[in-house]
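Next comes coords_6.cif, a file with mmCIF, C-alpha atoms.
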```
data_run
#
loop_
_atom_site.label_atom_id
_atom_site.label_comp_id
_atom_site.auth_asym_id
_atom_site.auth_seq_id
_atom_site.Cartn_x
_atom_site.Cartn_y
_atom_site.Cartn_z
CA MET A 1 -11.37 -18.83 33.24
CA SER A 2 -10.71 -17.97 29.59
CA PRO A 3 -7.19 -16.80 28.57
CA ASP A 4 -8.62 -13.34 27.70
CA ALA A 5 -10.26 -12.95 31.10
CA CYS A 6 -7.04 -14.16 32.74
CA ARG A 7 -4.97 -11.57 30.86
CA ALA A 8 -7.47 -8.81 31.78
CA GLY A 9 -7.25 -9.91 35.42
CA TYR A 10 -3.43 -9.72 35.36
CA ARG A 11 -3.58 -6.26 33.79
CA ALA A 12 -6.01 -4.97 36.44
CA LEU A 13 -3.84 -6.47 39.17
CA ALA A 14 -0.70 -4.81 37.73
CA ALA A 15 -2.51 -1.44 37.53
CA LEU A 16 -3.65 -1.75 41.15
CA LEU A 17 -0.13 -2.70 42.24
CA TRP A 18 1.43 0.37 40.58
CA LEU A 19 -1.30 2.64 41.97
CA ALA A 20 -0.48 1.27 45.43
CA VAL A 21 3.24 1.92 44.83
CA TRP A 22 2.40 5.48 43.74
CA GLN A 23 0.24 6.01 46.86
CA LEU A 24 3.04 4.71 49.14
CA LEU A 25 5.60 6.95 47.42
CA ALA A 26 3.30 9.98 47.81
CA MET A 27 2.85 9.16 51.48
CA ALA A 28 6.62 8.75 51.91
CA VAL A 29 7.34 12.12 50.25
CA GLY A 30 4.62 13.68 52.37
CA HIS A 31 4.17 16.88 50.33
CA GLU A 32 1.27 17.05 47.84
CA PHE A 33 3.00 19.80 45.86
CA LEU A 34 6.02 17.53 45.24
CA LEU A 35 4.20 14.27 44.50
CA ALA A 36 0.40 14.21 44.50
CA SER A 37 -1.35 11.00 45.53
CA PRO A 38 -3.57 9.08 43.05
CA LEU A 39 -6.65 10.26 44.91
CA SER A 40 -5.63 13.93 44.67
CA VAL A 41 -5.00 13.48 40.94
CA LEU A 42 -8.44 11.90 40.54
CA ARG A 43 -10.02 14.87 42.37
CA ALA A 44 -8.06 17.35 40.20
CA LEU A 45 -9.12 15.49 37.05
CA ALA A 46 -12.79 15.54 38.12
CA ARG A 47 -12.54 19.27 38.82
CA LEU A 48 -10.90 19.98 35.44
CA LEU A 49 -13.47 17.86 33.58
CA SER A 50 -16.32 19.74 35.26
CA GLN A 51 -15.06 23.08 33.87
CA PRO A 52 -16.10 24.07 30.30
CA ALA A 53 -12.81 25.98 29.94
CA THR A 54 -10.90 22.69 30.10
CA TYR A 55 -12.67 21.43 26.99
CA LEU A 56 -12.00 24.70 25.14
CA THR A 57 -8.33 24.53 26.13
CA ALA A 58 -8.08 20.90 25.01
CA LEU A 59 -9.86 21.67 21.73
CA ARG A 60 -7.60 24.65 21.00
CA SER A 61 -4.45 22.58 21.57
CA ALA A 62 -5.84 19.55 19.72
CA GLY A 63 -6.78 21.68 16.70
CA ARG A 64 -3.29 23.14 16.34
CA ILE A 65 -1.51 19.85 17.01
CA LEU A 66 -3.71 17.95 14.55
CA LEU A 67 -3.23 20.67 11.92
CA GLY A 68 0.52 20.12 12.21
CA PHE A 69 0.03 16.37 12.00
CA LEU A 70 -2.24 16.58 8.94
CA SER A 71 0.16 18.96 7.16
CA ALA A 72 3.01 16.55 7.88
CA PHE A 73 0.88 13.67 6.56
CA ALA A 74 -0.04 15.47 3.33
CA LEU A 75 3.44 16.74 2.56
CA GLY A 76 5.17 13.56 3.76
CA VAL A 77 3.11 11.38 1.42
CA ALA A 78 3.39 13.79 -1.52
CA LEU A 79 7.14 14.27 -1.16
CA ALA A 80 7.78 10.53 -0.72
CA ALA A 81 5.90 9.89 -3.97
CA LEU A 82 8.00 12.56 -5.69
CA CYS A 83 11.24 11.15 -4.27
CA ARG A 84 10.31 7.67 -5.50
CA ARG A 85 10.04 9.10 -9.01
CA SER A 86 12.95 11.53 -8.99
CA PRO A 87 16.46 10.83 -7.58
CA LEU A 88 17.14 14.58 -7.79
CA VAL A 89 14.23 15.43 -5.45
CA SER A 90 15.36 12.57 -3.19
CA ALA A 91 18.90 14.02 -2.99
CA LEU A 92 17.50 17.50 -2.28
CA VAL A 93 15.21 16.30 0.51
CA SER A 94 17.73 14.01 2.22
CA PRO A 95 19.70 16.71 4.21
CA LEU A 96 16.44 18.34 5.37
CA LEU A 97 15.21 15.01 6.68
CA SER A 98 18.46 14.31 8.49
CA ALA A 99 18.21 17.73 10.15
CA ALA A 100 14.57 17.22 11.11
CA ARG A 101 15.42 13.86 12.68
CA ALA A 102 18.48 15.05 14.62
CA VAL A 103 17.56 18.56 15.87
CA PRO A 104 15.88 18.64 19.34
CA VAL A 105 12.28 19.85 19.65
CA ALA A 106 13.39 22.77 21.87
CA SER A 107 15.73 24.11 19.17
CA PHE A 108 12.93 24.04 16.60
CA ALA A 109 10.52 25.60 19.07
CA ILE A 110 12.83 28.52 19.94
CA LEU A 111 13.60 29.13 16.26
CA ALA A 112 9.90 29.01 15.49
CA ILE A 113 9.04 31.55 18.21
CA LEU A 114 11.38 33.97 16.43
CA LEU A 115 9.87 33.24 13.01
CA VAL A 116 6.16 32.60 13.64
CA SER A 117 3.67 33.58 16.32
CA SER A 118 3.73 31.41 19.47
CA ARG A 119 0.08 30.65 18.66
CA TRP A 120 1.13 28.41 15.76
CA LEU A 121 4.27 27.11 17.43
CA SER A 122 2.80 23.67 18.22
CA THR A 123 1.54 23.33 14.62
CA PHE A 124 5.01 24.08 13.28
CA VAL A 125 6.77 21.74 15.71
CA CYS A 126 4.27 18.91 15.06
CA PHE A 127 4.87 19.32 11.35
CA VAL A 128 8.65 19.17 11.77
CA ILE A 129 8.45 16.14 14.09
CA GLY A 130 5.76 14.21 12.18
CA PHE A 131 7.03 14.83 8.66
CA PRO A 132 10.16 12.58 8.71
CA VAL A 133 8.18 9.65 10.17
CA LEU A 134 5.38 9.91 7.61
CA PHE A 135 7.79 10.54 4.75
CA GLY A 136 9.97 7.55 5.73
CA ASN A 137 7.06 5.14 6.11
CA THR A 138 5.44 6.21 2.85
CA LEU A 139 8.73 5.86 0.98
CA GLU A 140 9.30 2.40 2.46
CA GLY A 141 5.77 1.37 1.44
CA LEU A 142 6.33 2.65 -2.08
CA GLN A 143 9.64 0.80 -2.33
CA ARG A 144 8.13 -2.46 -1.09
CA ARG A 145 5.24 -2.48 -3.57
CA ASP A 146 4.94 -5.67 -5.62
CA ARG A 147 6.61 -4.86 -8.95
CA ALA A 148 4.75 -7.68 -10.69
CA LEU A 149 1.39 -6.08 -9.82
CA SER A 150 2.54 -2.68 -11.04
CA GLU A 151 3.62 -4.28 -14.34
CA MET A 152 0.27 -6.04 -14.62
CA ALA A 153 -1.64 -2.76 -14.13
CA ARG A 154 0.61 -1.11 -16.71
CA VAL A 155 0.03 -3.86 -19.30
CA PHE A 156 -3.74 -3.54 -18.86
CA ARG A 157 -3.49 0.27 -19.11
CA ALA A 158 -5.54 0.65 -15.91
CA PRO A 159 -6.35 4.35 -15.41
CA TRP A 160 -4.35 6.27 -12.80
CA GLY A 161 -7.17 6.51 -10.25
CA ARG A 162 -8.09 2.83 -10.51
CA ARG A 163 -4.42 1.82 -10.23
CA LEU A 164 -4.17 3.88 -7.03
CA LEU A 165 -7.30 2.39 -5.44
CA TYR A 166 -6.90 -1.22 -6.56
CA VAL A 167 -3.13 -1.78 -6.63
CA ASP A 168 -1.15 0.89 -4.78
CA LEU A 169 -3.25 2.02 -1.83
CA PRO A 170 -3.95 -1.49 -0.41
CA GLN A 171 -0.18 -2.18 -0.41
CA LEU A 172 0.65 1.25 1.01
CA LEU A 173 -2.04 1.39 3.70
CA PRO A 174 -0.25 -0.70 6.41
CA PHE A 175 2.84 1.56 6.11
CA LEU A 176 0.72 4.74 6.19
CA ARG A 177 -1.24 3.49 9.20
CA ALA A 178 1.88 2.54 11.19
CA GLY A 179 3.60 5.83 10.32
CA ALA A 180 0.51 7.91 11.14
CA VAL A 181 -0.02 6.29 14.56
CA THR A 182 3.66 6.77 15.50
CA ALA A 183 3.71 10.35 14.19
CA LEU A 184 0.47 11.20 15.99
CA GLY A 185 1.91 10.09 19.35
CA LEU A 186 5.07 12.13 18.72
CA CYS A 187 2.97 15.14 17.67
CA TRP A 188 1.00 15.10 20.94
CA LYS A 189 4.21 14.91 22.99
CA SER A 190 6.17 17.51 21.04
CA GLY A 191 3.15 19.75 20.42
CA VAL A 192 2.40 20.12 24.13
CA ALA A 193 6.13 20.57 24.85
CA ALA A 194 6.23 23.37 22.27
CA GLU A 195 3.21 25.00 23.94
CA VAL A 196 5.00 24.91 27.29
CA ILE A 197 7.95 26.72 25.67
CA GLY A 198 5.83 29.24 23.71
CA ILE A 199 3.00 29.58 26.29
CA PRO A 200 0.26 30.51 23.80
CA ARG A 201 -2.89 31.67 25.63
CA GLY A 202 -5.66 29.20 26.43
CA THR A 203 -3.74 26.01 25.60
CA ILE A 204 -2.76 22.86 27.48
CA GLY A 205 0.83 24.11 27.38
CA GLU A 206 -0.14 27.28 29.20
CA ALA A 207 -2.06 25.22 31.78
CA LEU A 208 1.02 23.02 32.33
CA TYR A 209 3.24 26.09 32.65
CA SER A 210 1.00 27.57 35.35
CA VAL A 211 1.05 24.18 37.13
CA LYS A 212 4.86 24.39 37.18
CA VAL A 213 4.80 27.95 38.54
CA ASN A 214 2.27 26.97 41.26
CA TYR A 215 3.93 23.66 42.18
CA ASN A 216 0.65 21.79 41.61
CA THR A 217 1.55 18.21 40.71
CA ALA A 218 -2.06 17.03 41.07
CA ASP A 219 -3.06 19.31 38.17
CA LEU A 220 0.09 18.32 36.27
CA PHE A 221 -0.90 14.63 36.45
CA ALA A 222 -4.56 15.47 35.68
CA TRP A 223 -3.58 17.39 32.53
CA THR A 224 -1.22 14.55 31.62
CA VAL A 225 -4.14 12.12 31.85
CA ILE A 226 -6.16 14.42 29.58
CA ILE A 227 -3.29 14.53 27.02
CA VAL A 228 -2.92 10.73 27.11
CA LEU A 229 -6.70 10.33 26.64
CA LEU A 230 -6.71 12.77 23.72
CA ASN A 231 -3.80 10.91 22.12
CA ALA A 232 -5.56 7.57 22.64
CA LEU A 233 -8.83 8.94 21.20
CA THR A 234 -7.22 10.40 18.07
CA ALA A 235 -5.12 7.23 17.59
CA PHE A 236 -8.30 5.14 17.92
CA LEU A 237 -10.10 7.30 15.34
CA LEU A 238 -7.10 7.03 13.02
CA ARG A 239 -6.98 3.23 13.31
CA ARG A 240 -10.74 3.00 12.83
CA GLY A 241 -10.55 5.22 9.73
CA ALA A 242 -7.74 3.07 8.30
CA ALA A 243 -9.74 -0.12 9.00
CA LEU A 244 -12.81 1.34 7.29
CA LEU A 245 -10.74 2.38 4.27
CA SER A 246 -9.11 -1.05 4.15
CA GLY A 247 -12.54 -2.72 4.23
CA ARG A 248 -13.79 -0.38 1.52
CA LEU A 249 -10.78 -1.17 -0.68
CA ALA A 250 -11.44 -4.91 -0.28
CA ARG A 251 -14.98 -4.43 -1.62
CA LEU A 252 -14.02 -2.66 -4.86
CA MET B 1 -0.83 -8.15 -42.07
CA SER B 2 1.11 -9.12 -38.93
CA ALA B 3 -0.03 -7.93 -35.52
CA ILE B 4 3.18 -8.93 -33.75
CA VAL B 5 6.60 -8.86 -35.41
CA LEU B 6 10.00 -9.66 -33.95
CA HIS B 7 12.95 -9.07 -36.24
CA GLN B 8 16.35 -10.40 -35.14
CA ALA B 9 15.26 -9.53 -31.60
CA GLY B 10 17.67 -10.18 -28.72
CA ARG B 11 17.74 -9.51 -25.00
CA ARG B 12 20.75 -9.80 -22.75
CA TYR B 13 20.90 -9.95 -18.94
CA GLY B 14 24.40 -9.06 -17.77
CA GLY B 15 26.69 -10.85 -20.17
CA ARG B 16 24.27 -13.64 -21.06
CA TRP B 17 21.82 -13.60 -23.95
CA ALA B 18 18.40 -14.80 -22.84
CA LEU B 19 17.18 -14.54 -26.42
CA ARG B 20 19.02 -13.78 -29.64
CA GLY B 21 18.34 -13.44 -33.35
CA LEU B 22 14.65 -14.18 -33.03
CA ASP B 23 12.38 -13.70 -36.06
CA LEU B 24 8.69 -14.25 -35.39
CA ARG B 25 5.42 -13.06 -36.90
CA VAL B 26 1.91 -13.47 -35.53
CA PRO B 27 -0.73 -12.41 -38.10
CA GLU B 28 -3.95 -10.63 -37.13
CA GLY B 29 -6.42 -13.35 -36.19
CA GLY B 30 -3.57 -15.89 -36.06
CA ALA B 31 -2.23 -17.89 -33.16
CA VAL B 32 1.35 -18.91 -32.45
CA CYS B 33 2.59 -21.04 -29.56
CA VAL B 34 6.24 -20.76 -28.62
CA MET B 35 7.72 -23.85 -27.02
CA GLY B 36 11.16 -24.80 -25.81
CA PRO B 37 13.17 -25.97 -22.82
CA SER B 38 13.31 -23.97 -19.60
CA GLY B 39 15.58 -20.94 -19.84
CA CYS B 40 15.35 -20.62 -23.63
CA GLY B 41 13.76 -17.17 -23.41
CA LYS B 42 10.03 -17.83 -23.79
CA THR B 43 8.96 -15.50 -21.00
CA THR B 44 11.57 -12.93 -22.08
CA LEU B 45 9.97 -12.99 -25.52
CA LEU B 46 6.55 -12.19 -24.03
CA ARG B 47 8.04 -9.42 -21.89
CA LEU B 48 9.60 -7.87 -24.99
CA VAL B 49 6.27 -7.93 -26.83
CA LEU B 50 4.46 -6.49 -23.78
CA GLY B 51 6.95 -3.62 -23.74
CA LEU B 52 8.11 -4.49 -20.21
CA GLU B 53 11.65 -4.86 -21.55
CA ARG B 54 13.48 -3.32 -24.50
CA PRO B 55 15.41 -5.48 -26.96
CA ASP B 56 19.19 -5.08 -26.86
CA GLU B 57 19.26 -5.78 -30.58
CA GLY B 58 16.74 -6.14 -33.37
CA ARG B 59 13.16 -4.85 -33.45
CA VAL B 60 9.85 -5.68 -31.76
CA GLU B 61 6.53 -4.42 -33.12
CA ALA B 62 3.25 -4.97 -31.29
CA PRO B 63 -0.15 -3.25 -31.10
CA GLY B 64 -0.57 -0.55 -28.48
CA ARG B 65 -3.40 -2.43 -26.77
CA LEU B 66 -2.25 -5.78 -25.43
CA SER B 67 -3.70 -8.18 -22.90
CA ALA B 68 -1.92 -10.94 -21.06
CA VAL B 69 -2.06 -13.91 -18.75
CA PHE B 70 1.27 -13.84 -16.95
CA GLN B 71 3.25 -16.88 -15.84
CA GLU B 72 2.22 -16.03 -12.28
CA ASP B 73 -1.42 -15.04 -11.86
CA ARG B 74 -0.63 -11.50 -10.64
CA LEU B 75 -4.03 -11.12 -9.01
CA LEU B 76 -5.01 -8.60 -6.34
CA GLU B 77 -5.36 -11.17 -3.56
CA HIS B 78 -7.48 -8.97 -1.26
CA LEU B 79 -10.18 -8.52 -3.89
CA THR B 80 -12.90 -10.84 -5.20
CA ALA B 81 -12.78 -12.26 -8.71
CA GLU B 82 -15.15 -9.49 -9.81
CA GLY B 83 -12.94 -6.87 -8.15
CA ASN B 84 -9.91 -8.16 -10.05
CA LEU B 85 -11.79 -7.88 -13.32
CA ARG B 86 -12.94 -4.33 -12.46
CA LEU B 87 -9.34 -3.13 -12.31
CA VAL B 88 -9.26 -3.72 -16.06
CA THR B 89 -12.85 -3.01 -17.10
CA GLY B 90 -14.23 -0.63 -14.49
CA ARG B 91 -17.89 -1.27 -13.61
CA ARG B 92 -19.15 -0.87 -17.17
CA ARG B 93 -18.68 -4.59 -17.97
CA ASP B 94 -19.96 -6.15 -14.73
CA THR B 95 -22.59 -8.21 -16.57
CA ALA B 96 -20.10 -9.56 -19.11
CA ALA B 97 -17.70 -10.27 -16.26
CA ALA B 98 -20.33 -12.22 -14.30
CA GLU B 99 -21.23 -14.24 -17.41
CA LEU B 100 -17.60 -15.08 -18.18
CA LEU B 101 -16.87 -16.05 -14.56
CA ALA B 102 -19.92 -18.34 -14.67
CA GLU B 103 -18.74 -19.86 -17.95
CA LEU B 104 -15.35 -20.57 -16.34
CA GLY B 105 -17.01 -22.19 -13.33
CA LEU B 106 -16.32 -19.37 -10.86
CA SER B 107 -19.86 -18.20 -10.14
CA ASP B 108 -20.07 -20.01 -6.78
CA GLU B 109 -17.55 -17.74 -5.10
CA PRO B 110 -19.21 -14.30 -4.76
CA GLY B 111 -17.73 -12.08 -2.07
CA LYS B 112 -14.74 -14.33 -1.42
CA PRO B 113 -11.28 -12.83 -1.89
CA VAL B 114 -9.15 -14.62 -4.46
CA SER B 115 -6.60 -15.30 -1.70
CA SER B 116 -8.98 -18.10 -0.65
CA PHE B 117 -9.10 -19.60 -4.17
CA SER B 118 -7.29 -22.72 -5.35
CA GLY B 119 -4.48 -22.40 -7.91
CA GLY B 120 -6.75 -23.47 -10.77
CA MET B 121 -9.45 -20.98 -9.80
CA LYS B 122 -6.92 -18.15 -9.64
CA ARG B 123 -5.69 -19.11 -13.10
CA ARG B 124 -9.21 -18.85 -14.49
CA VAL B 125 -9.67 -15.41 -12.90
CA ALA B 126 -6.41 -14.31 -14.58
CA ILE B 127 -7.68 -15.64 -17.92
CA ALA B 128 -11.08 -13.92 -17.49
CA ARG B 129 -9.31 -10.62 -16.69
CA ALA B 130 -7.21 -10.90 -19.85
CA LEU B 131 -10.22 -11.72 -22.03
CA LEU B 132 -12.37 -8.84 -20.77
CA ALA B 133 -9.74 -6.16 -21.39
CA ASP B 134 -9.88 -3.97 -24.50
CA TYR B 135 -7.05 -5.32 -26.64
CA ASP B 136 -5.78 -6.14 -30.14
CA ALA B 137 -3.44 -9.01 -29.29
CA LEU B 138 -3.48 -11.54 -26.46
CA LEU B 139 -0.37 -13.00 -24.84
CA LEU B 140 -0.61 -16.13 -22.72
CA ASP B 141 2.21 -17.56 -20.60
CA GLU B 142 1.35 -21.20 -19.79
CA PRO B 143 -2.36 -20.32 -19.59
CA PHE B 144 -3.64 -23.75 -18.56
CA LYS B 145 -1.19 -24.30 -15.71
CA GLY B 146 -3.01 -26.01 -12.83
CA LEU B 147 -6.24 -26.73 -14.78
CA ASP B 148 -7.70 -30.23 -15.21
CA ALA B 149 -8.58 -31.57 -18.67
CA ASP B 150 -12.28 -30.58 -18.59
CA THR B 151 -11.58 -27.09 -17.31
CA ARG B 152 -8.84 -26.67 -19.93
CA GLU B 153 -11.30 -27.41 -22.71
CA ARG B 154 -13.96 -25.13 -21.28
CA THR B 155 -11.43 -22.32 -20.78
CA ALA B 156 -9.97 -22.82 -24.26
CA GLY B 157 -13.49 -22.52 -25.69
CA ALA B 158 -13.93 -19.15 -23.98
CA ILE B 159 -10.55 -17.95 -25.22
CA LEU B 160 -11.28 -18.99 -28.82
CA ARG B 161 -14.71 -17.31 -28.77
CA LEU B 162 -13.70 -14.04 -27.13
CA ASN B 163 -10.34 -13.69 -28.89
CA ALA B 164 -11.73 -14.40 -32.39
CA GLY B 165 -10.19 -12.17 -35.07
CA ARG B 166 -7.33 -11.05 -32.86
CA ALA B 167 -3.71 -12.18 -32.62
CA LEU B 168 -2.68 -14.70 -29.98
CA LEU B 169 0.88 -15.41 -28.89
CA MET B 170 1.29 -18.07 -26.25
CA VAL B 171 4.01 -19.93 -24.40
CA ALA B 172 3.50 -23.54 -23.32
CA HIS B 173 5.36 -26.75 -22.48
CA ASP B 174 2.61 -29.08 -23.71
CA PRO B 175 1.82 -29.20 -27.46
CA GLY B 176 -1.71 -30.24 -26.46
CA GLU B 177 -2.30 -26.72 -25.11
CA ALA B 178 -1.31 -25.25 -28.49
CA ARG B 179 -3.69 -27.63 -30.23
CA LEU B 180 -6.55 -26.59 -27.92
CA LEU B 181 -6.16 -23.00 -29.17
CA GLY B 182 -5.33 -23.94 -32.77
CA ALA B 183 -1.91 -22.32 -32.51
CA ASP B 184 1.06 -22.91 -34.84
CA ILE B 185 4.02 -24.17 -32.84
CA VAL B 186 7.39 -22.45 -32.96
CA ARG B 187 10.21 -24.07 -31.03
CA LEU B 188 12.95 -22.01 -29.43
CA PRO B 189 16.36 -23.71 -29.20
CA PRO B 190 17.95 -24.55 -25.84
CA PRO B 191 19.81 -21.62 -24.23
CA ALA B 192 23.28 -22.62 -25.52
CA GLU B 193 22.29 -22.93 -29.18
CA GLY B 194 21.50 -20.13 -31.64
CA GLY B 195 18.77 -19.69 -34.26
CA LEU B 196 15.08 -20.53 -34.23
CA LYS B 197 13.55 -23.82 -35.24
CA PRO B 198 10.02 -23.60 -36.61
CA ALA B 199 8.05 -26.78 -35.98
CA GLY B 200 6.79 -28.77 -38.91
#
```
Show the structure stored in the file as structure tokens.
Amino acid sequence: MSPDACRAGYRALAALLWLAVWQLLAMAVGHEFLLASPLSVLRALARLLSQPATYLTALRSAGRILLGFLSAFALGVALAALCRRSPLVSALVSPLLSAARAVPVASFAILAILLVSSRWLSTFVCFVIGFPVLFGNTLEGLQRRDRALSEMARVFRAPWGRRLLYVDLPQLLPFLRAGAVTALGLCWKSGVAAEVIGIPRGTIGEALYSVKVNYNTADLFAWTVIIVLLNALTAFLLRRGAALLSGRLARL
Amino acid sequence: MSAIVLHQAGRRYGGRWALRGLDLRVPEGGAVCVMGPSGCGKTTLLRLVLGLERPDEGRVEAPGRLSAVFQEDRLLEHLTAEGNLRLVTGRRRDTAAAELLAELGLSDEPGKPVSSFSGGMKRRVAIARALLADYDALLLDEPFKGLDADTRERTAGAILRLNAGRALLMVAHDPGEARLLGADIVRLPPPAEGGLKPAG
């Protein structure tokens, strides 16, 4: 058996083991509303996936969460570039970043409900949570650029756009990719949490809130699976996009 | 008329002078090779001319458009040889780039990133990049490092042909390299001594 097949076998065995543990725990608890069994969760997931409303709900939440993520990406990269150039901007941004890193999601979410509509709450929270990660990674990438290559591009008077594509972006890309994948995961977690607090209509957060009210752990786990799958799908698309860009940059 | 002029130029790092009281002129179409022991300020001199450092005393005059082969190759390792040249030329000189790479013996490596090249091949890519840029004066820091005798001659031929009529300032350890490019030799004194000793 090849090492890859062996590893896959171990992984499948571990998954089966934990499913069995879950099943035994569910049987020990004996109340579906407290801890649903794997089979009940599978049934709930199948039911949710057969309803068109589930897809609309997922799309609505995904759109708002991804908007927050993309805003954080754009502003994080732009502000990191500004901070690299200007110590004054860097000093101005520093306290805001410390606050964004330290303040709990719930505090932001409650403040945001007072300031903006609960509809855009998840977008706001995702921005606040994703921004420090993307800013920090971009700044680190900019600081770690090879100074000798920057000097070389300067001596040859390479135009701004070409310098970005040939010299800067290939060095920055690994930092952007790592930051984006981390921030995306955090955005999904905090975005859905914000929806549960704000309960905007027709979102995953609202669905989770009604699950809590109805003591329906099978639906809770089924929605959780959907969130995890959405996170995995968007992370996959992000990685694929970064790989395509990296390949394109290597063929300049 | 001189393309490159250094007048009593000096550069200090911390409390130590890397270069001091240097007078040097490279005329348009002329070639000068600066030689001297390690640490005497040869690379500092090139950095001053390239505008990468400012002199702490004296004056440095150089054309606005310079080209250079650095002591290290400073190539974009993820790109092909052609890609490295395009940083400087864009796509408008792809034909000239292909011809020059062929002349330097690098035409057998299409599609391969320069990270897979040998030291000598990387050096030739760095030289081709410098020669294809739009410039008025060329600066070379040990340009033939890592090249065998035949390749040196072939590369020197390309430099002489493409740099004709423009100023050349180079740094080398081997007087033979200066002779290959027809450069006048100027010797810098060891770090502890002062003044500049022009070679006979």
Find, counting only C-alpha atoms, the residue in A:Val192, A:Ala81, A:Ile204, A:Val41 that gets nearest to Val105 of chain A.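 Using only C-alpha atoms, the shortest distance to Val105 of chain A belongs to A:Val192.
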For this structure, which residues satisfy the selection - the PyMOL selection byres ((chain A and resi 209-217) around 8) - when it is evaluated on the file as given? I want them as a list in words.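 Written out, the selection comes to Glu32, Phe33, Leu34, Leu35, Ala36, Val196, Ile199, Gly205, Glu206, Ala207, Leu208, Ala218, Asp219, Leu220 and Phe221 of chain A.
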Would you give me, as a PDB file with C-alpha atoms, in the coordinates of the input, the residues of chain A that come within 9 Å of chain B, using only C-alpha atoms?
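Resulting contents of out.pdb:
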```
ATOM      1  CA  ALA A 148       4.750  -7.680 -10.690  1.00  0.00           C
ATOM      2  CA  LEU A 149       1.390  -6.080  -9.820  1.00  0.00           C
ATOM      3  CA  GLU A 151       3.620  -4.280 -14.340  1.00  0.00           C
ATOM      4  CA  MET A 152       0.270  -6.040 -14.620  1.00  0.00           C
ATOM      5  CA  ALA A 153      -1.640  -2.760 -14.130  1.00  0.00           C
ATOM      6  CA  ARG A 154       0.610  -1.110 -16.710  1.00  0.00           C
ATOM      7  CA  VAL A 155       0.030  -3.860 -19.300  1.00  0.00           C
ATOM      8  CA  PHE A 156      -3.740  -3.540 -18.860  1.00  0.00           C
ATOM      9  CA  ARG A 157      -3.490   0.270 -19.110  1.00  0.00           C
ATOM     10  CA  ALA A 158      -5.540   0.650 -15.910  1.00  0.00           C
ATOM     11  CA  PRO A 159      -6.350   4.350 -15.410  1.00  0.00           C
ATOM     12  CA  ARG A 162      -8.090   2.830 -10.510  1.00  0.00           C
ATOM     13  CA  ARG A 163      -4.420   1.820 -10.230  1.00  0.00           C
ATOM     14  CA  TYR A 166      -6.900  -1.220  -6.560  1.00  0.00           C
ATOM     15  CA  VAL A 167      -3.130  -1.780  -6.630  1.00  0.00           C
ATOM     16  CA  PRO A 170      -3.950  -1.490  -0.410  1.00  0.00           C
ATOM     17  CA  LEU A 249     -10.780  -1.170  -0.680  1.00  0.00           C
ATOM     18  CA  ALA A 250     -11.440  -4.910  -0.280  1.00  0.00           C
ATOM     19  CA  ARG A 251     -14.980  -4.430  -1.620  1.00  0.00           C
ATOM     20  CA  LEU A 252     -14.020  -2.660  -4.860  1.00  0.00           C
TER      21      LEU A 252
END
```
Which polymer residues have any atom within 12 Å of an atom of Ile65 of chain A, counting all atoms listed in the file, with same-chain residues fewer than 5 positions away left out, as number ranges by chain? A: 58-60, 70-72, 119-130, 183-195, 203-205, 227, 230-231, 234
Deliver the residues from the most recent selection as a file, using C-alpha atoms, as a short mmCIF file (atom, residue, chain, number, x, y, z; two decimals), in the frame of the given file.
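Result went into again_11.cif, see below:
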```cif
data_model
loop_
_atom_site.label_atom_id
_atom_site.label_comp_id
_atom_site.auth_asym_id
_atom_site.auth_seq_id
_atom_site.Cartn_x
_atom_site.Cartn_y
_atom_site.Cartn_z
CA ALA A 58 -8.08 20.90 25.01
CA LEU A 59 -9.86 21.67 21.73
CA ARG A 60 -7.60 24.65 21.00
CA LEU A 70 -2.24 16.58 8.94
CA SER A 71 0.16 18.96 7.16
CA ALA A 72 3.01 16.55 7.88
CA ARG A 119 0.08 30.65 18.66
CA TRP A 120 1.13 28.41 15.76
CA LEU A 121 4.27 27.11 17.43
CA SER A 122 2.80 23.67 18.22
CA THR A 123 1.54 23.33 14.62
CA PHE A 124 5.01 24.08 13.28
CA VAL A 125 6.77 21.74 15.71
CA CYS A 126 4.27 18.91 15.06
CA PHE A 127 4.87 19.32 11.35
CA VAL A 128 8.65 19.17 11.77
CA ILE A 129 8.45 16.14 14.09
CA GLY A 130 5.76 14.21 12.18
CA ALA A 183 3.71 10.35 14.19
CA LEU A 184 0.47 11.20 15.99
CA GLY A 185 1.91 10.09 19.35
CA LEU A 186 5.07 12.13 18.72
CA CYS A 187 2.97 15.14 17.67
CA TRP A 188 1.00 15.10 20.94
CA LYS A 189 4.21 14.91 22.99
CA SER A 190 6.17 17.51 21.04
CA GLY A 191 3.15 19.75 20.42
CA VAL A 192 2.40 20.12 24.13
CA ALA A 193 6.13 20.57 24.85
CA ALA A 194 6.23 23.37 22.27
CA GLU A 195 3.21 25.00 23.94
CA THR A 203 -3.74 26.01 25.60
CA ILE A 204 -2.76 22.86 27.48
CA GLY A 205 0.83 24.11 27.38
CA ILE A 227 -3.29 14.53 27.02
CA LEU A 230 -6.71 12.77 23.72
CA ASN A 231 -3.80 10.91 22.12
CA THR A 234 -7.22 10.40 18.07
#
```
Polymer residues at most 9 Å from (0.9, -27.6, -23.2) by only C-alpha atoms, as a ChimeraX atom specification: /B:35,142-145,171-180
For segment 136-140 of chain A, list every protein, DNA or RNA residue within 8 Å, evaluated using all atoms listed in the file, and leave out those in the same chain fewer than 3 positions away; present the list as a list in words. Gly76, Val77, Ala80, Ala81, Cys83, Arg84, Pro132, Val133, Gln143, Arg144, Leu172, Phe175, Leu176, Ala178 and Gly179 of chain A
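Distance-wise, atom CA of Glu61 of chain B and atom CA of Tyr13 of chain B end up 20.9 Å apart.
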